[in-house]
$ cat model.cif   # mmCIF, C-alpha atoms
data_my_file
loop_
_atom_site.label_atom_id
_atom_site.label_comp_id
_atom_site.auth_asym_id
_atom_site.auth_seq_id
_atom_site.Cartn_x
_atom_site.Cartn_y
_atom_site.Cartn_z
CA MET B 151 -16.82 0.70 -25.24
CA PRO B 152 -18.56 -2.71 -24.95
CA LEU B 153 -17.70 -5.02 -22.08
CA PRO B 154 -15.43 -7.90 -23.09
CA VAL B 155 -17.11 -11.26 -23.77
CA PRO B 156 -18.56 -13.04 -21.78
CA PHE B 157 -19.31 -10.08 -19.51
CA THR B 158 -22.45 -8.00 -19.99
CA SER B 159 -24.21 -5.15 -18.22
CA ASP B 160 -25.78 -7.86 -16.02
CA LEU B 161 -22.44 -8.43 -14.25
CA LYS B 162 -23.20 -7.97 -10.57
CA VAL B 163 -21.09 -5.39 -8.72
CA ILE B 164 -20.57 -5.20 -4.96
CA VAL B 165 -19.22 -1.84 -3.78
CA ALA B 166 -17.54 -2.27 -0.40
CA ALA B 167 -18.07 1.09 1.31
CA GLY B 168 -18.69 0.09 4.90
CA GLY B 169 -16.44 0.31 7.91
CA ASP B 170 -14.40 -2.34 9.64
CA ALA B 171 -14.90 -2.94 13.35
CA GLY B 172 -11.55 -4.76 13.46
CA ARG B 173 -9.55 -1.83 12.15
CA LYS B 174 -6.74 -0.46 14.31
CA GLY B 175 -6.26 3.15 15.31
CA ALA B 176 -3.69 5.68 14.15
CA VAL B 177 -0.37 4.19 13.05
CA SER B 178 1.62 7.40 13.29
CA ALA B 179 1.16 11.15 13.38
CA ARG B 180 1.16 11.19 9.57
CA GLU B 181 -0.98 8.10 9.05
CA VAL B 182 -4.35 8.76 10.62
CA PRO B 183 -6.90 6.20 9.36
CA LEU B 184 -10.11 7.66 7.99
CA HIS B 185 -13.51 6.25 8.90
CA GLY B 186 -16.47 6.32 6.55
CA LYS B 187 -13.89 7.21 3.92
CA ALA B 188 -16.06 6.43 0.89
CA PHE B 189 -18.51 9.09 2.04
CA LEU B 190 -16.01 11.86 2.70
CA ARG B 191 -15.99 14.82 0.34
CA LEU B 192 -13.43 15.21 -2.42
CA ARG B 193 -13.74 18.24 -4.66
CA ASP B 194 -17.37 18.85 -3.59
CA ARG B 195 -18.41 15.26 -4.26
CA LEU B 196 -18.49 12.13 -2.15
CA VAL B 197 -15.55 9.84 -2.86
CA ILE B 198 -17.92 6.98 -3.66
CA GLU B 199 -19.59 9.06 -6.37
CA TYR B 200 -16.42 8.83 -8.46
CA VAL B 201 -16.68 5.05 -8.14
CA LEU B 202 -20.37 4.91 -9.02
CA ASP B 203 -19.88 7.18 -12.03
CA PHE B 204 -17.06 5.02 -13.36
CA LEU B 205 -19.23 1.89 -12.99
CA ARG B 206 -22.10 3.57 -14.84
CA ASP B 207 -19.76 4.74 -17.59
CA SER B 208 -18.43 1.17 -17.83
CA GLY B 209 -21.92 -0.03 -18.71
CA LEU B 210 -22.63 -1.75 -15.38
CA ARG B 211 -26.05 -1.25 -13.84
CA ARG B 212 -26.52 -3.98 -11.22
CA VAL B 213 -24.81 -2.44 -8.21
CA TRP B 214 -25.08 -3.32 -4.51
CA ILE B 215 -23.54 -0.90 -1.98
CA ILE B 216 -22.57 -2.06 1.50
CA ALA B 217 -22.55 0.93 3.89
CA LYS B 218 -24.36 2.55 6.76
CA GLU B 219 -27.94 3.54 5.91
CA GLU B 220 -27.41 7.16 6.91
CA ALA B 221 -24.33 7.34 4.68
CA MET B 222 -26.13 5.95 1.63
CA ALA B 223 -28.94 8.44 2.20
CA ARG B 224 -26.45 11.21 1.34
CA LEU B 225 -26.03 9.97 -2.22
CA PRO B 226 -27.80 12.06 -4.88
CA PRO B 227 -30.88 10.33 -6.37
CA ARG B 228 -29.23 10.01 -9.80
CA HIS B 229 -27.24 7.04 -8.50
CA VAL B 230 -29.11 3.76 -8.95
CA PHE B 231 -28.13 0.90 -6.65
CA THR B 232 -29.42 -1.69 -4.19
CA PRO B 233 -28.54 -0.75 -0.60
CA VAL B 234 -27.11 -3.35 1.76
CA PRO B 235 -27.24 -1.71 5.21
CA GLU B 236 -24.14 -2.33 7.28
CA ARG B 237 -24.74 -4.04 10.59
CA PRO B 238 -23.45 -2.36 13.76
CA GLU B 239 -19.80 -3.15 14.49
CA ALA B 240 -19.51 -5.18 11.29
CA THR B 241 -16.08 -6.32 10.11
CA PHE B 242 -14.86 -6.06 6.53
CA LEU B 243 -15.55 -9.77 6.05
CA ALA B 244 -19.08 -9.56 7.48
CA ASN B 245 -19.83 -6.69 5.11
CA LEU B 246 -18.48 -8.61 2.13
CA ILE B 247 -20.50 -11.70 2.97
CA ALA B 248 -23.64 -9.57 3.39
CA GLY B 249 -23.06 -8.06 -0.04
CA CYS B 250 -22.65 -11.47 -1.67
CA GLU B 251 -25.79 -12.76 0.03
CA ALA B 252 -27.75 -9.75 -1.21
CA ALA B 253 -26.46 -10.08 -4.77
CA ALA B 254 -27.19 -13.85 -4.65
CA PRO B 255 -24.92 -14.97 -7.51
CA ALA B 256 -25.72 -18.32 -9.11
CA PRO B 257 -23.21 -21.20 -8.95
CA ASP B 258 -20.15 -20.38 -11.08
CA GLU B 259 -21.37 -16.78 -11.57
CA PRO B 260 -18.60 -14.16 -11.22
CA VAL B 261 -19.11 -11.01 -9.17
CA LEU B 262 -17.11 -7.79 -9.45
CA ILE B 263 -15.95 -6.41 -6.09
CA VAL B 264 -15.00 -2.73 -6.01
CA PHE B 265 -13.76 -0.67 -3.08
CA GLY B 266 -15.70 2.55 -2.60
CA ASP B 267 -12.68 4.72 -1.75
CA HIS B 268 -10.73 4.51 -5.06
CA PRO B 269 -11.70 7.67 -6.97
CA LEU B 270 -9.32 7.18 -9.92
CA ASN B 271 -10.75 3.93 -11.32
CA THR B 272 -11.70 4.22 -14.99
CA PRO B 273 -13.91 2.29 -17.45
CA ARG B 274 -10.95 1.56 -19.75
CA ALA B 275 -8.91 0.09 -16.87
CA LEU B 276 -11.87 -2.03 -15.77
CA HIS B 277 -12.47 -3.26 -19.31
CA LEU B 278 -8.80 -4.25 -19.62
CA PHE B 279 -9.03 -6.08 -16.29
CA LEU B 280 -12.13 -7.99 -17.38
CA ALA B 281 -10.61 -8.74 -20.78
CA ARG B 282 -7.63 -10.35 -19.06
CA CYS B 283 -9.89 -12.26 -16.66
CA ALA B 284 -12.20 -13.63 -19.38
CA PRO B 285 -9.89 -16.36 -20.79
CA ARG B 286 -9.22 -17.65 -17.26
CA LEU B 287 -12.79 -17.83 -15.90
CA SER B 288 -12.85 -21.62 -16.14
CA LYS B 289 -9.39 -21.92 -14.56
CA ALA B 290 -9.44 -19.47 -11.63
CA ASP B 291 -11.92 -18.42 -8.97
CA PHE B 292 -10.47 -15.13 -7.79
CA PHE B 293 -8.81 -12.37 -9.82
CA HIS B 294 -7.18 -9.23 -8.47
CA ALA B 295 -5.98 -6.24 -10.50
CA LEU B 296 -2.40 -5.33 -9.63
CA SER B 297 -1.51 -1.72 -10.40
CA LEU B 298 1.98 -1.95 -11.88
CA GLN B 299 4.85 -0.31 -10.02
CA ASP B 300 6.15 1.82 -12.88
CA ALA B 301 2.71 3.32 -13.45
CA TYR B 302 2.23 3.97 -9.73
CA ARG B 303 5.62 5.72 -9.59
CA ASP B 304 4.28 8.37 -11.94
CA PHE B 305 2.39 9.60 -8.86
CA GLY B 306 5.52 9.43 -6.70
CA GLN B 307 5.51 13.16 -6.02
CA TRP B 308 2.48 12.57 -3.78
CA PHE B 309 2.07 8.83 -3.08
CA ARG B 310 4.92 6.52 -2.08
CA ARG B 311 3.50 3.21 -0.88
CA THR B 312 5.60 0.14 -1.56
CA SER B 313 4.86 -2.67 -4.01
CA VAL B 314 4.33 -6.40 -4.05
CA HIS B 315 7.43 -7.79 -5.77
CA MET B 316 7.18 -10.85 -8.04
CA ARG B 317 9.31 -12.00 -10.96
CA GLU B 318 6.76 -11.28 -13.68
CA MET B 319 5.22 -8.17 -12.13
CA ARG B 320 5.63 -5.64 -9.35
CA GLY B 321 2.78 -3.48 -8.21
CA ARG B 322 0.27 -2.37 -5.63
CA ALA B 323 -3.06 -3.86 -4.71
CA SER B 324 -6.00 -2.09 -6.32
CA GLY B 325 -9.69 -1.74 -5.54
CA LEU B 326 -10.78 -4.17 -8.29
CA SER B 327 -11.39 -7.89 -7.84
CA LEU B 328 -13.46 -10.49 -9.62
CA ALA B 329 -14.63 -13.51 -7.63
CA VAL B 330 -16.68 -16.64 -8.19
CA PRO B 331 -18.11 -16.97 -4.65
CA SER B 332 -19.44 -20.51 -5.10
CA ARG B 333 -15.90 -21.77 -5.77
CA LEU B 334 -14.17 -20.04 -2.83
CA HIS B 335 -14.30 -21.94 0.45
CA GLY B 336 -11.81 -20.01 2.57
CA VAL B 337 -13.45 -16.58 2.47
CA SER B 338 -13.47 -16.48 6.27
CA LYS B 339 -9.69 -15.88 6.14
CA LEU B 340 -10.07 -12.61 4.24
CA GLN B 341 -10.58 -10.64 7.45
CA ALA B 342 -7.17 -11.65 8.76
CA LEU B 343 -5.52 -10.91 5.39
CA TYR B 344 -7.25 -7.53 5.22
CA THR B 345 -6.02 -6.67 8.70
CA VAL B 346 -2.34 -7.50 8.01
CA ARG B 347 -2.18 -6.45 4.35
CA LYS B 348 0.41 -3.69 4.87
CA LEU B 349 3.69 -5.59 5.19
CA GLU B 350 5.66 -2.39 5.58
CA ARG B 351 5.32 -2.86 9.32
CA SER B 352 7.07 -5.71 11.13
CA ALA B 353 4.10 -6.36 13.44
CA SER B 354 1.86 -6.94 10.42
CA PHE B 355 4.43 -9.29 8.92
CA PHE B 356 4.65 -11.47 12.03
CA ARG B 357 0.86 -11.67 12.28
CA LEU B 358 0.78 -12.80 8.67
CA VAL B 359 3.39 -15.51 9.31
CA MET B 360 1.37 -16.83 12.23
CA HIS B 361 -1.70 -17.08 10.01
CA LEU B 362 0.27 -18.81 7.25
CA TRP B 363 1.43 -21.54 9.62
CA GLN B 364 -2.15 -22.06 10.70
CA TRP B 365 -3.56 -22.17 7.15
CA LEU B 366 -0.88 -23.79 5.00
CA GLY B 367 0.66 -26.54 7.09
CA TRP B 368 4.03 -27.60 5.67
CA ASP B 369 3.56 -25.15 2.80
CA ALA B 370 4.02 -22.43 5.42
CA ILE B 371 7.79 -23.05 5.44
CA GLY B 372 8.16 -21.89 1.86
CA SER B 373 5.56 -19.15 2.23
CA THR B 374 7.35 -17.72 5.28
CA ARG B 375 10.67 -17.65 3.42
CA ASP B 376 9.00 -16.01 0.43
CA SER B 377 7.22 -13.48 2.65
CA LEU B 378 10.60 -12.52 4.13
CA LEU B 379 12.01 -12.01 0.63
CA MET B 380 9.02 -9.89 -0.31
CA LEU B 381 9.39 -7.82 2.86
CA ALA B 382 13.09 -7.33 2.12
CA ALA B 383 12.25 -6.16 -1.41
CA LYS B 384 9.83 -3.63 0.05
CA GLU B 385 12.52 -2.31 2.37
CA MET B 386 14.95 -2.02 -0.54
CA GLU B 387 12.28 -0.13 -2.51
CA LYS B 388 12.00 2.40 0.31
CA GLY B 389 15.77 2.76 0.52
CA ALA B 390 16.06 3.26 -3.24
CA ARG B 391 14.02 6.46 -3.02
CA HIS B 392 16.96 8.33 -1.55
CA THR B 393 20.18 9.44 -3.22
CA GLY B 394 23.78 8.36 -3.01
CA TRP B 395 25.56 5.02 -2.93
CA ARG B 396 23.18 3.48 -0.38
CA ALA B 397 20.23 4.14 -2.69
CA ASP B 398 22.14 2.55 -5.59
CA ILE B 399 22.72 -0.58 -3.50
CA CYS B 400 19.04 -0.69 -2.51
CA ARG B 401 17.97 -0.41 -6.16
CA ARG B 402 20.21 -3.33 -7.16
CA TRP B 403 18.92 -5.49 -4.32
CA GLU B 404 15.32 -4.56 -5.04
CA ALA B 405 15.75 -5.75 -8.63
CA ARG B 406 17.52 -8.93 -7.50
CA LEU B 407 14.92 -9.82 -4.87
CA SER B 408 12.07 -9.05 -7.26
CA ASN B 409 13.36 -11.76 -9.61
CA VAL B 410 13.25 -14.47 -6.94
CA LEU B 411 9.51 -15.05 -6.52
CA PRO B 412 7.52 -16.30 -9.52
CA VAL B 413 3.94 -15.12 -9.71
CA GLU B 414 2.77 -18.74 -10.00
CA LYS B 415 4.07 -19.45 -6.51
CA MET B 416 2.29 -16.46 -4.99
CA GLN B 417 -0.92 -17.42 -6.78
CA HIS B 418 -0.54 -20.93 -5.39
CA TYR B 419 -0.29 -19.62 -1.82
CA ALA B 420 -3.31 -17.35 -2.35
CA ALA B 421 -5.34 -20.24 -3.77
CA ARG B 422 -4.46 -22.41 -0.76
CA VAL B 423 -5.46 -19.68 1.68
CA LEU B 424 -8.77 -18.91 -0.07
CA GLU B 425 -9.41 -22.63 -0.68
CA ALA B 426 -10.12 -21.81 -4.30
CA GLU B 427 -11.29 -24.77 -6.36
CA ARG B 428 -9.48 -23.72 -9.53
CA GLY B 429 -6.96 -21.08 -8.56
CA VAL B 430 -6.17 -17.39 -8.08
CA CYS B 431 -4.86 -14.97 -10.71
CA PHE B 432 -3.11 -11.61 -10.28
CA VAL B 433 -3.87 -9.42 -13.28
CA PRO B 434 -1.31 -6.70 -14.18
CA ILE B 435 -2.81 -3.34 -15.15
CA PRO B 436 -0.46 -0.45 -16.12
CA HIS B 437 -2.54 2.22 -14.39
CA GLY B 438 -1.20 3.69 -11.14
CA GLY B 439 -4.47 5.41 -10.29
CA LEU B 440 -6.08 2.06 -9.49
CA ALA B 441 -3.91 1.82 -6.37
CA ILE B 442 -4.71 5.28 -4.99
CA ASP B 443 -7.31 5.34 -2.23
CA VAL B 444 -8.16 7.46 0.80
CA ASP B 445 -7.18 5.14 3.62
CA PHE B 446 -5.46 7.97 5.48
CA ALA B 447 -6.12 11.65 6.08
CA GLU B 448 -2.90 12.61 4.28
CA GLU B 449 -4.03 10.85 1.11
CA LEU B 450 -7.37 12.60 1.03
CA GLN B 451 -5.66 15.94 1.60
CA LEU B 452 -3.19 15.32 -1.24
CA LEU B 453 -5.99 14.38 -3.62
CA GLU B 454 -7.94 17.50 -2.65
CA GLN B 455 -4.97 19.85 -3.07
CA HIS B 456 -3.43 18.34 -6.22
CA TRP B 457 -6.43 16.78 -7.95
CA ASP B 458 -5.87 18.46 -11.33
CA ALA B 459 -2.27 17.27 -11.63
CA ILE B 460 -3.04 13.79 -10.32
CA ALA B 461 -6.08 13.40 -12.58
CA ALA B 462 -4.02 14.53 -15.59
CA ILE B 463 -1.48 11.74 -15.00
CA ALA B 464 -4.29 9.22 -14.54
CA ALA B 465 -5.89 10.38 -17.80
CA ARG B 466 -2.61 10.03 -19.67
CA GLN B 467 -2.12 6.50 -18.37
CA ASP B 468 -5.73 5.69 -19.16
CA ALA B 469 -5.30 6.77 -22.77
CA SER B 470 -2.30 4.45 -23.13
CA LEU B 471 -4.28 1.38 -22.03
CA ALA B 472 -5.74 0.88 -25.52
CA GLN B 473 -2.49 -0.74 -26.69
CA HIS B 474 -2.77 -3.37 -23.92
CA VAL B 475 -6.27 -4.59 -24.64
CA CYS B 476 -5.02 -7.66 -26.51
CA ALA B 477 -2.06 -8.31 -24.21
CA PRO B 478 -1.92 -11.88 -22.80
CA THR B 479 -3.00 -12.54 -19.25
CA ILE B 480 -0.76 -14.09 -16.60
CA SER B 481 -1.67 -17.75 -16.25
CA ALA B 482 -3.38 -18.87 -13.05
#

$ encode --input "model.cif" --output "structure tokens"
Amino acid sequence: MPLPVPFTSDLKVIVAAGGDAGRKGAVSAREVPLHGKAFLRLRDRLVIEYVLDFLRDSGLRRVWIIAKEEAMARLPPRHVFTPVPERPEATFLANLIAGCEAAAPAPDEPVLIVFGDHPLNTPRALHLFLARCAPRLSKADFFHALSLQDAYRDFGQWFRRTSVHMREMRGRASGLSLAVPSRLHGVSKLQALYTVRKLERSASFFRLVMHLWQWLGWDAIGSTRDSLLMLAAKEMEKGARHTGWRADICRRWEARLSNVLPVEKMQHYAARVLEAERGVCFVPIPHGGLAIDVDFAEELQLLEQHWDAIAAIAARQDASLAQHVCAPTISA
């Protein structure tokens, strides 16, 4: 399957597989964060090997990996990449900047950013993502693939994270982004966003609000209100998983709250935060596997124990992506 125009096999890929010195400890007894997660073993392979194989099968050859030197030394020699050794006590942002510096993209050159702990990414999903980014390259500077909620719910027997709720789409963050580094001037804020990205916890939400007031000025009033609505929709989504009349009420309120926030408004906030010259675009992809990673020990264990069933669902969703190849993108 050829890459969509204007992308070629020369598209530079940064695989973020390092640690994060700013990461917090265990959240609960069930949620124990994993360290060096891209280099843990899953079905007798390193997690990152699934990522590297999918990039190779996608036709991409120019790959930079950010990780500890001793971790990268464990990769079999069949994997071809440029190592970017992680500095001691490096944060997620420092690693990302180091990867961009090593790849040295030209002005206006896009770079694909892939997380090294997402083993269910597929070439067809990536090609659809790039196909939906292509028409917007002159109008946006940062694209993120959003794994749609309905597709993610197909894995609900094992994974039950909540979604980002917007009028035109609901879904979970994935491990796929496309960025034009020369047109992003607020990259330094990514560390704070990465730290508070899980709004299921009130402490994370309040940290996010504090950052929004610092970054957005008067725009923070609307963004705080909208963040509260999004948090409420997440809570309703959790309540809707149960049975009985309370669950029915939660489902109705989830649907109602999801219709409040237009995607254009959320893209506007993201563009302000990242100081993007031309905008930010969330790209809907109907593949739940894109949102499954190994952040926590429970997730790695579930993937290990139920891999065949999980991979079968991912394969079925992957096969259905062909009908979406020509679907219109969401405007930036």

$ residues_near_point --input "model.cif" --point "(13.2, -8.9, -7.0)" --cutoff "7 Å" --atoms "all atoms listed in the file" --output "list in words"
His315, Met316, Arg317, Ala383, Glu404, Ala405, Arg406, Leu407, Ser408, Asn409 and Val410 of chain B

$ atom_distance --input "model.cif" --atom1 "CA of Phe265 in chain B" --atom2 "CA of Phe242 in chain B"
11.1 Å

$ resolve_selection --input "model.cif" --expression "the PyMOL selection byres ((chain B and resi 259) around 12)" --output "list of chain:residue names"
B:Pro156, B:Phe157, B:Asp160, B:Leu161, B:Lys162, B:Val163, B:Cys250, B:Ala253, B:Ala254, B:Pro255, B:Ala256, B:Pro257, B:Asp258, B:Pro260, B:Val261, B:Leu262, B:Leu287, B:Ser288, B:Asp291, B:Phe292, B:Leu328, B:Ala329, B:Val330, B:Pro331, B:Ser332, B:Arg333, B:Leu334

$ residues_around --input "model.cif" --residues "His268 in chain B" --least-positions-apart "6" --cutoff "9 Å" --atoms "all atoms listed in the file" --output "list in words"
Ala188, Val197, Ile198, Tyr200, Val201, Ser324, Gly325, Gly439, Leu440, Ala441, Ile442, Asp443 and Val444 of chain B

$ closest_residue --input "model.cif" --among "B:Ala323, B:Ala420, B:Cys283, B:Ile399" --to "Ala370 in chain B" --atoms "only C-alpha atoms"
B:Ala420

$ atom_distance --input "model.cif" --atom1 "CA of Pro285 in chain B" --atom2 "CA of Val433 in chain B"
11.9 Å

$ atom_distance --input "model.cif" --atom1 "CA of Gly169 in chain B" --atom2 "CA of Ile263 in chain B"
15.5 Å

$ resolve_selection --input "model.cif" --expression "the PyMOL selection byres ((chain B and resi 425-428) around 6)" --output "PyMOL selection string"
chain B and resi 289-291+333-336+421-424+429

$ residues_near_point --input "model.cif" --point "(-24.8, 1.8, 11.7)" --cutoff "12 Å" --atoms "only C-alpha atoms" --output "PyMOL selection string"
chain B and resi 168-171+186+216-222+234-240+245

$ resolve_selection --input "model.cif" --expression "the PyMOL selection byres ((chain B and resi 391) around 12)" --output "list in words"
Arg303, Gly306, Gln307, Arg310, Arg311, Thr312, Lys384, Glu385, Met386, Glu387, Lys388, Gly389, Ala390, His392, Thr393, Gly394, Trp395, Arg396, Ala397, Asp398, Ile399, Cys400, Arg401 and Glu404 of chain B

$ decode --input "model.cif" --residues "range 254-283 of chain B" --atoms "N, CA and C atoms" --output "PDB file, in the first residue's frame"
ATOM      1  N   ALA B 254      16.519  16.633  12.548  1.00  0.00           N
ATOM      2  CA  ALA B 254      16.829  17.881  11.835  1.00  0.00           C
ATOM      3  C   ALA B 254      15.902  18.135  10.646  1.00  0.00           C
ATOM      4  N   PRO B 255      14.597  18.238  10.886  1.00  0.00           N
ATOM      5  CA  PRO B 255      13.687  18.514   9.761  1.00  0.00           C
ATOM      6  C   PRO B 255      13.922  19.914   9.202  1.00  0.00           C
ATOM      7  N   ALA B 256      13.717  20.072   7.919  1.00  0.00           N
ATOM      8  CA  ALA B 256      13.839  21.377   7.261  1.00  0.00           C
ATOM      9  C   ALA B 256      12.622  22.234   7.618  1.00  0.00           C
ATOM     10  N   PRO B 257      12.706  23.546   7.402  1.00  0.00           N
ATOM     11  CA  PRO B 257      11.526  24.396   7.621  1.00  0.00           C
ATOM     12  C   PRO B 257      10.323  23.876   6.841  1.00  0.00           C
ATOM     13  N   ASP B 258       9.177  23.824   7.504  1.00  0.00           N
ATOM     14  CA  ASP B 258       7.912  23.355   6.924  1.00  0.00           C
ATOM     15  C   ASP B 258       7.884  21.852   6.644  1.00  0.00           C
ATOM     16  N   GLU B 259       8.907  21.111   7.094  1.00  0.00           N
ATOM     17  CA  GLU B 259       8.916  19.659   6.880  1.00  0.00           C
ATOM     18  C   GLU B 259       8.179  18.958   8.014  1.00  0.00           C
ATOM     19  N   PRO B 260       7.188  18.119   7.696  1.00  0.00           N
ATOM     20  CA  PRO B 260       6.475  17.381   8.757  1.00  0.00           C
ATOM     21  C   PRO B 260       7.277  16.191   9.251  1.00  0.00           C
ATOM     22  N   VAL B 261       7.052  15.856  10.512  1.00  0.00           N
ATOM     23  CA  VAL B 261       7.705  14.717  11.161  1.00  0.00           C
ATOM     24  C   VAL B 261       6.626  13.881  11.835  1.00  0.00           C
ATOM     25  N   LEU B 262       6.696  12.586  11.672  1.00  0.00           N
ATOM     26  CA  LEU B 262       5.758  11.675  12.334  1.00  0.00           C
ATOM     27  C   LEU B 262       6.314  11.323  13.711  1.00  0.00           C
ATOM     28  N   ILE B 263       5.481  11.472  14.734  1.00  0.00           N
ATOM     29  CA  ILE B 263       5.871  11.142  16.106  1.00  0.00           C
ATOM     30  C   ILE B 263       5.037   9.951  16.558  1.00  0.00           C
ATOM     31  N   VAL B 264       5.712   8.891  16.976  1.00  0.00           N
ATOM     32  CA  VAL B 264       5.049   7.642  17.347  1.00  0.00           C
ATOM     33  C   VAL B 264       5.510   7.240  18.742  1.00  0.00           C
ATOM     34  N   PHE B 265       4.576   6.861  19.600  1.00  0.00           N
ATOM     35  CA  PHE B 265       4.939   6.359  20.918  1.00  0.00           C
ATOM     36  C   PHE B 265       5.358   4.899  20.805  1.00  0.00           C
ATOM     37  N   GLY B 266       6.402   4.537  21.528  1.00  0.00           N
ATOM     38  CA  GLY B 266       6.957   3.194  21.419  1.00  0.00           C
ATOM     39  C   GLY B 266       6.237   2.127  22.207  1.00  0.00           C
ATOM     40  N   ASP B 267       5.134   2.473  22.888  1.00  0.00           N
ATOM     41  CA  ASP B 267       4.446   1.483  23.727  1.00  0.00           C
ATOM     42  C   ASP B 267       3.028   1.202  23.239  1.00  0.00           C
ATOM     43  N   HIS B 268       2.772   1.387  21.925  1.00  0.00           N
ATOM     44  CA  HIS B 268       1.458   1.112  21.340  1.00  0.00           C
ATOM     45  C   HIS B 268       1.598  -0.060  20.373  1.00  0.00           C
ATOM     46  N   PRO B 269       1.429  -1.290  20.827  1.00  0.00           N
ATOM     47  CA  PRO B 269       1.721  -2.448  19.988  1.00  0.00           C
ATOM     48  C   PRO B 269       0.673  -2.784  18.935  1.00  0.00           C
ATOM     49  N   LEU B 270      -0.484  -2.098  18.946  1.00  0.00           N
ATOM     50  CA  LEU B 270      -1.553  -2.440  18.010  1.00  0.00           C
ATOM     51  C   LEU B 270      -1.697  -1.456  16.852  1.00  0.00           C
ATOM     52  N   ASN B 271      -0.740  -0.550  16.685  1.00  0.00           N
ATOM     53  CA  ASN B 271      -0.745   0.311  15.505  1.00  0.00           C
ATOM     54  C   ASN B 271      -0.622  -0.541  14.249  1.00  0.00           C
ATOM     55  N   THR B 272      -1.205  -0.064  13.146  1.00  0.00           N
ATOM     56  CA  THR B 272      -1.147  -0.833  11.899  1.00  0.00           C
ATOM     57  C   THR B 272      -0.822   0.086  10.726  1.00  0.00           C
ATOM     58  N   PRO B 273      -0.232  -0.460   9.659  1.00  0.00           N
ATOM     59  CA  PRO B 273       0.039   0.354   8.461  1.00  0.00           C
ATOM     60  C   PRO B 273      -1.217   0.991   7.873  1.00  0.00           C
ATOM     61  N   ARG B 274      -2.334   0.234   7.826  1.00  0.00           N
ATOM     62  CA  ARG B 274      -3.550   0.786   7.226  1.00  0.00           C
ATOM     63  C   ARG B 274      -4.072   1.970   8.045  1.00  0.00           C
ATOM     64  N   ALA B 275      -4.007   1.872   9.366  1.00  0.00           N
ATOM     65  CA  ALA B 275      -4.454   2.982  10.211  1.00  0.00           C
ATOM     66  C   ALA B 275      -3.553   4.197  10.021  1.00  0.00           C
ATOM     67  N   LEU B 276      -2.246   3.967   9.933  1.00  0.00           N
ATOM     68  CA  LEU B 276      -1.321   5.069   9.709  1.00  0.00           C
ATOM     69  C   LEU B 276      -1.571   5.724   8.352  1.00  0.00           C
ATOM     70  N   HIS B 277      -1.778   4.915   7.325  1.00  0.00           N
ATOM     71  CA  HIS B 277      -2.018   5.460   5.996  1.00  0.00           C
ATOM     72  C   HIS B 277      -3.295   6.296   5.977  1.00  0.00           C
ATOM     73  N   LEU B 278      -4.337   5.843   6.683  1.00  0.00           N
ATOM     74  CA  LEU B 278      -5.565   6.625   6.755  1.00  0.00           C
ATOM     75  C   LEU B 278      -5.306   7.947   7.475  1.00  0.00           C
ATOM     76  N   PHE B 279      -4.556   7.894   8.553  1.00  0.00           N
ATOM     77  CA  PHE B 279      -4.199   9.107   9.296  1.00  0.00           C
ATOM     78  C   PHE B 279      -3.467  10.096   8.382  1.00  0.00           C
ATOM     79  N   LEU B 280      -2.460   9.625   7.673  1.00  0.00           N
ATOM     80  CA  LEU B 280      -1.695  10.509   6.792  1.00  0.00           C
ATOM     81  C   LEU B 280      -2.551  11.026   5.639  1.00  0.00           C
ATOM     82  N   ALA B 281      -3.439  10.179   5.131  1.00  0.00           N
ATOM     83  CA  ALA B 281      -4.323  10.611   4.050  1.00  0.00           C
ATOM     84  C   ALA B 281      -5.238  11.741   4.505  1.00  0.00           C
ATOM     85  N   ARG B 282      -5.652  11.708   5.760  1.00  0.00           N
ATOM     86  CA  ARG B 282      -6.518  12.767   6.280  1.00  0.00           C
ATOM     87  C   ARG B 282      -5.727  14.003   6.686  1.00  0.00           C
ATOM     88  N   CYS B 283      -4.424  13.830   6.947  1.00  0.00           N
ATOM     89  CA  CYS B 283      -3.577  14.985   7.243  1.00  0.00           C
ATOM     90  C   CYS B 283      -3.186  15.730   5.971  1.00  0.00           C
TER      91      CYS B 283
END
